[in-house]
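Asks: Right, I'll just put the structure down here and ask away after.
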Amino acid sequence: MYNGYYYGGYYGGGLGAWGLPLMIAIMISLYAQFKVSSAFNKYLRVPSRNGYSGREVARFILDRNGLYDVAVEPIGGNLTDHYDPRKRVVRLSRNVYDGRSLASVAVAAHEVGHAIQHSEGYFPLIIRNNIAPIASFSSRFVWILILMGFVISPFLLDVGIMLYLAIVLFQVVTLPVEFNASRRALLQLENGIVYSDEIEGSKKVLQAAALTYVAATLVAIAQLLRLLSISGRRRD
């Protein structure tokens, strides 16, 4: 559910022209993380009246969409739920996998939404899956190169910015993927899994999660603009 791509940065040299937007974006990101945790914990305590567990909901939706070969497995941690397109596995954290709450079934349905996207060849998901290895590689080295760019050569700063651009692209393309998965999840839940008066609670959990992706994208874009501004000043 949470994509795990949150990138810190270099904050030396004062706020600068893009420092304030960056700080605002970080504050929004912190609020978003609080919001998703708050919504998830709230509806984790609200049982789904049908009594289905997250695992049962995931399996039911997968089978209903002909995805019999996609497995559902538990994974450790909290809000670590995700779909692995390489191994075709939906992995659910324990409080989702075994849980029978509105939060549990909403998160399970969302992750299955990604599996359905994969089976249908949803284009934004294909793009994200192709960018993901580059973004993962970039996240390990980008700040080393940027810091070396300040000390050794502006060329290394430019290379770091290029790597950071891959991270920004990943964040941007993640937005339609996540929003679409949530839309698919709600359609599935409305079709015989939760009662109509329970949809609003499920929607709040998914909306709070979506806010984290929006916030992460804003942070990434603001940081990129700040890096470009710093690079430009160093060349003047």
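Residue numbers start at 1 in each chain; chains themselves are named A, B, ... in the order of the structure tokens; ligands are numbered from 1 in the order shown.
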Could you list, as a list in words, every residue within 9 Å of Asn50 in chain A, counting only C-alpha atoms and ignoring same-chain residues fewer than 3 positions away?
Replies: Pro47, Arg100, Ile193, Val194 and Tyr195 of chain A
Asks: DSSP on the backbone, alpha helix (DSSP H) only: what residues of range 46-99 of chain A does that give? Format it as a tab-separated table (two decimals) with N, CA and C atoms, in the first residue's frame.
Replies:
```tsv
chain	number	residue	atom	x	y	z
A	54	GLY	N	-8.87	-10.15	5.48
A	54	GLY	CA	-8.20	-9.58	4.31
A	54	GLY	C	-7.76	-10.65	3.33
A	55	ARG	N	-7.24	-11.76	3.85
A	55	ARG	CA	-6.82	-12.87	2.99
A	55	ARG	C	-8.00	-13.41	2.19
A	56	GLU	N	-9.14	-13.60	2.84
A	56	GLU	CA	-10.32	-14.14	2.16
A	56	GLU	C	-10.82	-13.18	1.09
A	57	VAL	N	-10.81	-11.89	1.39
A	57	VAL	CA	-11.24	-10.89	0.42
A	57	VAL	C	-10.31	-10.88	-0.79
A	58	ALA	N	-9.00	-10.90	-0.53
A	58	ALA	CA	-8.03	-10.91	-1.62
A	58	ALA	C	-8.23	-12.13	-2.51
A	59	ARG	N	-8.36	-13.30	-1.88
A	59	ARG	CA	-8.53	-14.54	-2.65
A	59	ARG	C	-9.83	-14.52	-3.44
A	60	PHE	N	-10.89	-14.03	-2.83
A	60	PHE	CA	-12.20	-13.98	-3.49
A	60	PHE	C	-12.15	-13.08	-4.73
A	61	ILE	N	-11.56	-11.89	-4.59
A	61	ILE	CA	-11.50	-10.95	-5.71
A	61	ILE	C	-10.60	-11.50	-6.82
A	62	LEU	N	-9.47	-12.08	-6.43
A	62	LEU	CA	-8.57	-12.68	-7.42
A	62	LEU	C	-9.29	-13.75	-8.22
A	63	ASP	N	-9.96	-14.66	-7.53
A	63	ASP	CA	-10.66	-15.75	-8.21
A	63	ASP	C	-11.80	-15.23	-9.07
A	64	ARG	N	-12.49	-14.20	-8.58
A	64	ARG	CA	-13.60	-13.64	-9.35
A	64	ARG	C	-13.12	-13.02	-10.65
A	94	ARG	N	0.24	-8.65	8.57
A	94	ARG	CA	-0.55	-9.58	9.39
A	94	ARG	C	-1.91	-9.00	9.82
A	95	ASN	N	-1.94	-7.70	10.17
A	95	ASN	CA	-3.22	-7.14	10.61
A	95	ASN	C	-4.18	-6.94	9.46
A	96	VAL	N	-3.68	-7.06	8.23
A	96	VAL	CA	-4.56	-7.05	7.06
A	96	VAL	C	-4.89	-8.49	6.65
A	97	TYR	N	-3.88	-9.33	6.62
A	97	TYR	CA	-4.03	-10.73	6.21
A	97	TYR	C	-5.05	-11.46	7.09
```
Asks: Counting only C-alpha atoms, what is within 6 Å of Leu102 in chain A, bar same-chain residues fewer than 2 positions away, as a list in words?
Replies: Tyr43, Val46, Pro47, Ser48, Ser104, Val105 and Ser202 of chain A
Asks: What does the structure give for the distance between CA of Asn180 in chain A and CA of Ala210 in chain A, in Å to one decimal?
Replies: 10.3 Å
